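Okay, data.cif now, which holds mmCIF, C-alpha atoms; chains and numbers go by the auth columns:
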data_input
#
loop_
_atom_site.group_PDB
_atom_site.id
_atom_site.type_symbol
_atom_site.label_atom_id
_atom_site.label_comp_id
_atom_site.label_asym_id
_atom_site.label_seq_id
_atom_site.Cartn_x
_atom_site.Cartn_y
_atom_site.Cartn_z
_atom_site.B_iso_or_equiv
_atom_site.auth_seq_id
_atom_site.auth_asym_id
ATOM 1 C CA MET A 1 16.725 114.078 48.722 0.00 142 A
ATOM 2 C CA ASN A 2 13.838 113.012 46.525 0.00 143 A
ATOM 3 C CA THR A 3 13.880 109.690 44.672 0.00 144 A
ATOM 4 C CA GLU A 4 14.560 111.125 41.215 0.00 145 A
ATOM 5 C CA ARG A 5 17.481 113.218 42.456 0.00 146 A
ATOM 6 C CA SER A 6 18.853 110.307 44.470 0.00 147 A
ATOM 7 C CA GLN A 7 18.719 107.953 41.489 0.00 148 A
ATOM 8 C CA LEU A 8 20.391 110.572 39.306 0.00 149 A
ATOM 9 C CA TYR A 9 23.105 111.030 41.928 0.00 150 A
ATOM 10 C CA TYR A 10 23.891 107.308 42.142 0.00 151 A
ATOM 11 C CA THR A 11 23.818 106.870 38.358 0.00 152 A
ATOM 12 C CA THR A 12 26.247 109.775 37.975 0.00 153 A
ATOM 13 C CA VAL A 13 28.528 108.256 40.622 0.00 154 A
ATOM 14 C CA PHE A 14 28.372 104.928 38.769 0.00 155 A
ATOM 15 C CA LEU A 15 29.340 106.618 35.494 0.00 156 A
ATOM 16 C CA HIS A 16 32.216 108.510 37.106 0.00 157 A
ATOM 17 C CA VAL A 17 33.567 105.365 38.756 0.00 158 A
ATOM 18 C CA SER A 18 33.199 103.423 35.499 0.00 159 A
ATOM 19 C CA PHE A 19 35.207 105.937 33.469 0.00 160 A
ATOM 20 C CA GLN A 20 37.733 106.171 36.290 0.00 161 A
ATOM 21 C CA ALA A 21 38.138 102.374 36.296 0.00 162 A
ATOM 22 C CA ILE A 22 38.669 102.402 32.531 0.00 163 A
ATOM 23 C CA LYS A 23 41.363 105.039 32.905 0.00 164 A
ATOM 24 C CA HIS A 24 43.125 103.173 35.712 0.00 165 A
ATOM 25 C CA SER A 25 42.997 99.860 33.877 0.00 166 A
ATOM 26 C CA MET A 26 44.781 101.190 30.822 0.00 167 A
ATOM 27 C CA ALA A 27 48.221 99.701 30.248 0.00 168 A
ATOM 28 C CA GLY A 28 51.242 101.948 30.336 0.00 169 A
ATOM 29 C CA LYS A 29 52.135 105.160 32.057 0.00 170 A
ATOM 30 C CA GLU A 30 50.509 108.510 31.429 0.00 171 A
ATOM 31 C CA GLU A 31 53.424 109.707 29.312 0.00 172 A
ATOM 32 C CA ASN A 32 53.221 106.548 27.241 0.00 173 A
ATOM 33 C CA SER A 33 52.424 106.912 23.551 0.00 174 A
ATOM 34 C CA MET A 34 51.278 103.309 23.131 0.00 175 A
ATOM 35 C CA PRO A 35 48.111 102.839 21.073 0.00 176 A
ATOM 36 C CA CYS A 36 44.904 102.935 23.058 0.00 177 A
ATOM 37 C CA TRP A 37 43.095 99.589 23.355 0.00 178 A
ATOM 38 C CA LEU A 38 39.700 100.715 24.683 0.00 179 A
ATOM 39 C CA ASP A 39 36.667 98.564 23.968 0.00 180 A
ATOM 40 C CA THR A 40 34.312 100.781 21.980 0.00 181 A
ATOM 41 C CA ASN A 41 31.314 98.666 22.966 0.00 182 A
ATOM 42 C CA LEU A 42 31.913 99.517 26.625 0.00 183 A
ATOM 43 C CA ILE A 43 32.338 103.205 25.867 0.00 184 A
ATOM 44 C CA MET A 44 29.166 103.161 23.715 0.00 185 A
ATOM 45 C CA MET A 45 27.215 101.519 26.542 0.00 186 A
ATOM 46 C CA LEU A 46 28.421 104.167 29.002 0.00 187 A
ATOM 47 C CA SER A 47 27.622 106.870 26.446 0.00 188 A
ATOM 48 C CA ARG A 48 24.021 105.630 26.190 0.00 189 A
ATOM 49 C CA GLU A 49 23.780 105.631 29.984 0.00 190 A
ATOM 50 C CA LEU A 50 25.138 109.192 30.020 0.00 191 A
ATOM 51 C CA GLN A 51 22.464 110.259 27.528 0.00 192 A
ATOM 52 C CA GLU A 52 19.683 108.665 29.583 0.00 193 A
ATOM 53 C CA CYS A 53 21.083 110.308 32.699 0.00 194 A
ATOM 54 C CA SER A 54 21.096 113.682 30.920 0.00 195 A
ATOM 55 C CA MET A 55 17.440 113.278 29.932 0.00 196 A
ATOM 56 C CA SER A 56 16.586 112.529 33.569 0.00 197 A
ATOM 57 C CA ALA A 57 18.476 115.650 34.651 0.00 198 A
ATOM 58 C CA ARG A 58 16.208 118.103 32.815 0.00 199 A
ATOM 59 C CA PRO A 59 14.841 119.572 36.071 0.00 200 A
ATOM 60 C CA PHE A 60 18.390 120.182 37.313 0.00 201 A
ATOM 61 C CA GLY A 61 19.941 122.748 34.934 0.00 202 A
ATOM 62 C CA ASP A 62 23.536 122.703 36.217 0.00 203 A
ATOM 63 C CA VAL A 63 23.575 118.914 36.330 0.00 204 A
ATOM 64 C CA LYS A 64 22.161 118.593 32.812 0.00 205 A
ATOM 65 C CA GLN A 65 24.756 121.013 31.467 0.00 206 A
ATOM 66 C CA ALA A 66 27.590 119.049 33.116 0.00 207 A
ATOM 67 C CA LEU A 67 26.223 115.752 31.775 0.00 208 A
ATOM 68 C CA ASP A 68 25.898 117.230 28.279 0.00 209 A
ATOM 69 C CA THR A 69 29.555 118.275 28.458 0.00 210 A
ATOM 70 C CA ALA A 70 30.505 114.720 29.444 0.00 211 A
ATOM 71 C CA ILE A 71 28.416 113.398 26.516 0.00 212 A
ATOM 72 C CA TYR A 72 30.228 115.742 24.138 0.00 213 A
ATOM 73 C CA HIS A 73 33.653 114.523 25.289 0.00 214 A
ATOM 74 C CA CYS A 74 32.503 110.910 25.181 0.00 215 A
ATOM 75 C CA GLY A 75 31.475 111.490 21.560 0.00 216 A
ATOM 76 C CA LEU A 76 34.936 112.875 20.804 0.00 217 A
ATOM 77 C CA LEU A 77 36.495 109.792 22.366 0.00 218 A
ATOM 78 C CA LEU A 78 34.262 107.464 20.375 0.00 219 A
ATOM 79 C CA ALA A 79 35.003 109.314 17.132 0.00 220 A
ATOM 80 C CA GLN A 80 38.695 108.488 17.496 0.00 221 A
ATOM 81 C CA CYS A 81 38.426 105.112 19.147 0.00 222 A
ATOM 82 C CA PRO A 82 39.778 102.534 18.526 0.00 223 A
ATOM 83 C CA GLY A 83 43.070 102.919 16.791 0.00 224 A
ATOM 84 C CA ALA A 84 43.354 106.680 16.279 0.00 225 A
ATOM 85 C CA LEU A 85 44.387 107.437 19.859 0.00 226 A
ATOM 86 C CA ASN A 86 47.495 106.908 21.881 0.00 227 A
ATOM 87 C CA SER A 87 47.222 106.254 25.611 0.00 228 A
ATOM 88 C CA GLN A 88 48.042 109.834 26.540 0.00 229 A
ATOM 89 C CA LEU A 89 45.294 111.339 24.387 0.00 230 A
ATOM 90 C CA CYS A 90 42.836 108.665 25.520 0.00 231 A
ATOM 91 C CA ARG A 91 43.541 109.547 29.173 0.00 232 A
ATOM 92 C CA HIS A 92 42.980 113.205 28.306 0.00 233 A
ATOM 93 C CA HIS A 93 39.543 112.398 26.847 0.00 234 A
ATOM 94 C CA LEU A 94 38.652 110.265 29.878 0.00 235 A
ATOM 95 C CA ASP A 95 39.620 113.132 32.206 0.00 236 A
ATOM 96 C CA ALA A 96 37.471 115.491 30.111 0.00 237 A
ATOM 97 C CA ILE A 97 34.528 113.123 30.648 0.00 238 A
ATOM 98 C CA MET A 98 35.129 112.629 34.379 0.00 239 A
ATOM 99 C CA THR A 99 35.512 116.324 35.274 0.00 240 A
ATOM 100 C CA PRO A 100 31.913 117.337 34.453 0.00 241 A
ATOM 101 C CA LEU A 101 30.658 114.101 36.018 0.00 242 A
ATOM 102 C CA LYS A 102 32.444 115.082 39.227 0.00 243 A
ATOM 103 C CA ASP A 103 30.840 118.536 39.009 0.00 244 A
ATOM 104 C CA ALA A 104 27.395 116.967 38.610 0.00 245 A
ATOM 105 C CA ILE A 105 28.022 114.711 41.607 0.00 246 A
ATOM 106 C CA ALA A 106 28.947 117.741 43.716 0.00 247 A
ATOM 107 C CA VAL A 107 25.680 119.471 42.802 0.00 248 A
ATOM 108 C CA LEU A 108 23.575 116.356 43.410 0.00 249 A
ATOM 109 C CA ALA A 109 25.304 115.259 46.627 0.00 250 A
ATOM 110 C CA PRO A 110 23.038 115.149 49.648 0.00 251 A
ATOM 111 C CA PRO A 111 23.644 117.972 52.110 0.00 252 A
ATOM 112 C CA ALA A 112 25.851 117.215 55.073 0.00 253 A
ATOM 113 C CA PRO A 113 23.868 116.518 58.231 0.00 254 A
ATOM 114 C CA ASN A 114 23.438 119.474 60.530 0.00 255 A
ATOM 115 C CA SER A 115 25.914 119.054 63.369 0.00 256 A
ATOM 116 C CA GLN A 116 24.093 121.434 65.684 0.00 257 A
ATOM 117 C CA PRO A 117 20.729 120.487 67.078 0.00 258 A
ATOM 118 C CA SER A 118 17.902 122.702 65.907 0.00 259 A
ATOM 119 C CA GLY A 119 15.153 123.201 68.379 0.00 260 A
ATOM 120 C CA THR A 120 14.492 125.086 71.541 0.00 261 A
ATOM 121 C CA LEU A 121 15.065 122.102 73.827 0.00 262 A
ATOM 122 C CA GLN A 122 18.346 121.208 72.143 0.00 263 A
ATOM 123 C CA THR A 123 19.474 124.845 72.153 0.00 264 A
ATOM 124 C CA TYR A 124 18.680 125.156 75.855 0.00 265 A
ATOM 125 C CA ALA A 125 20.499 121.884 76.643 0.00 266 A
ATOM 126 C CA ARG A 126 23.553 123.038 74.675 0.00 267 A
ATOM 127 C CA LYS A 127 23.645 126.358 76.560 0.00 268 A
ATOM 128 C CA LEU A 128 23.189 124.567 79.871 0.00 269 A
ATOM 129 C CA PHE A 129 25.982 122.118 79.097 0.00 270 A
ATOM 130 C CA LYS A 130 28.246 124.946 77.939 0.00 271 A
ATOM 131 C CA GLY A 131 27.579 126.844 81.197 0.00 272 A
ATOM 132 C CA TRP A 132 28.212 123.690 83.241 0.00 273 A
ATOM 133 C CA ARG A 133 31.567 123.114 81.507 0.00 274 A
ATOM 134 C CA ASN A 134 32.681 126.724 82.189 0.00 275 A
ATOM 135 C CA SER A 135 31.962 126.575 85.934 0.00 276 A
#
Translate this file's structure into structure tokens.
Amino acid sequence: MNTERSQLYYTTVFLHVSFQAIKHSMAGKEENSMPCWLDTNLIMMLSRELQECSMSARPFGDVKQALDTAIYHCGLLLAQCPGALNSQLCRHHLDAIMTPLKDAIAVLAPPAPNSQPSGTLQTYARKLFKGWRNS
């Protein structure tokens, strides 16, 4: 994973975890219709970070599109925050932000390490060991 992609991956993870923490820290249950108390300054800071992340994602089309979707939903949240949302609608907006972030993370995630050795010596050793176990 190159440096730019790695940094984008970790920034996207940070954003996802941040929005997730905001959602989990909200008072009340999901069905609750209490007014939402979110700090707009925090949401605006995360929105700016989302926009910077999106600009960095230009070479990665699917990632940029997912980040732009998260930016759109963050804008919707900010347009109604504070005071115009109840907790249930606020949670809905936060989920709408986190879903594309999760999609971007999946695209940017480093590939799983190859469990099988790749090389003639390793292949030969694996066959030899397999033959030894069967005898």
Checklist outcome for this item: Residue with the minimum atom-to-atom distance to Met239 in chain A, picked from A:Met167, A:Leu219, A:Cys177, A:Ala207 with only C-alpha atoms counted, is A:Ala207
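Nearest residue to Glu190 in chain A, choosing from A:Asp236, A:Ala247, A:Ser166, A:Thr153 and counting only C-alpha atoms: A:Thr153.
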Checklist outcome for this item: From CA of Ala225 in chain A to CA of His157 in chain A the spacing works out at 23.7 Å
Next on the checklist: Can you pull out the residues contacting Cys222 in chain A? Cut-off 12 Å, using all atoms listed in the file, and skip same-chain residues under 6 positions away; I want them as number ranges by chain.
Outcome noted: A: 176-185, 215-216, 228, 230-231, 234-235
Test item: residues at most 12 Å from Phe201 in chain A, only C-alpha atoms, excluding those fewer than 6 positions along its chain, as a PDB file with C-alpha atoms, in the frame of the given file:
ATOM      1  CA  GLU A 145      14.560 111.125  41.215  1.00  0.00           C
ATOM      2  CA  ARG A 146      17.481 113.218  42.456  1.00  0.00           C
ATOM      3  CA  LEU A 149      20.391 110.572  39.306  1.00  0.00           C
ATOM      4  CA  TYR A 150      23.105 111.030  41.928  1.00  0.00           C
ATOM      5  CA  CYS A 194      21.083 110.308  32.699  1.00  0.00           C
ATOM      6  CA  SER A 195      21.096 113.682  30.920  1.00  0.00           C
ATOM      7  CA  ALA A 207      27.590 119.049  33.116  1.00  0.00           C
ATOM      8  CA  LEU A 208      26.223 115.752  31.775  1.00  0.00           C
ATOM      9  CA  ALA A 245      27.395 116.967  38.610  1.00  0.00           C
ATOM     10  CA  ILE A 246      28.022 114.711  41.607  1.00  0.00           C
ATOM     11  CA  VAL A 248      25.680 119.471  42.802  1.00  0.00           C
ATOM     12  CA  LEU A 249      23.575 116.356  43.410  1.00  0.00           C
TER      13      LEU A 249
END
Checklist entry - So which residues get picked by the PyMOL selection byres ((chain A and resi 193) around 12) here, written as a ChimeraX atom specification? => result /A:148-149,152-153,156,186-192,194-199,205,208-209,212
Checklist entry - Interatomic distance between CA of Ala237 in chain A and CA of Leu217 in chain A? => result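 The value is 10.0 Å.
Separating CA of Ala250 in chain A from CA of Asp203 in chain A is a distance of 12.9 Å.
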Item to check | Selected residue, from A:Leu218, A:Met175, A:Val158, A:Ala211, that lies nearest to Thr240 in chain A when counting all atoms listed in the file | outcome: A:Ala211
Checklist entry - Looking at A:His214, A:Leu242, A:His233, A:Pro223, which one is nearest to Phe155 in chain A, with distances taken over all atoms listed in the file? => result A:Leu242
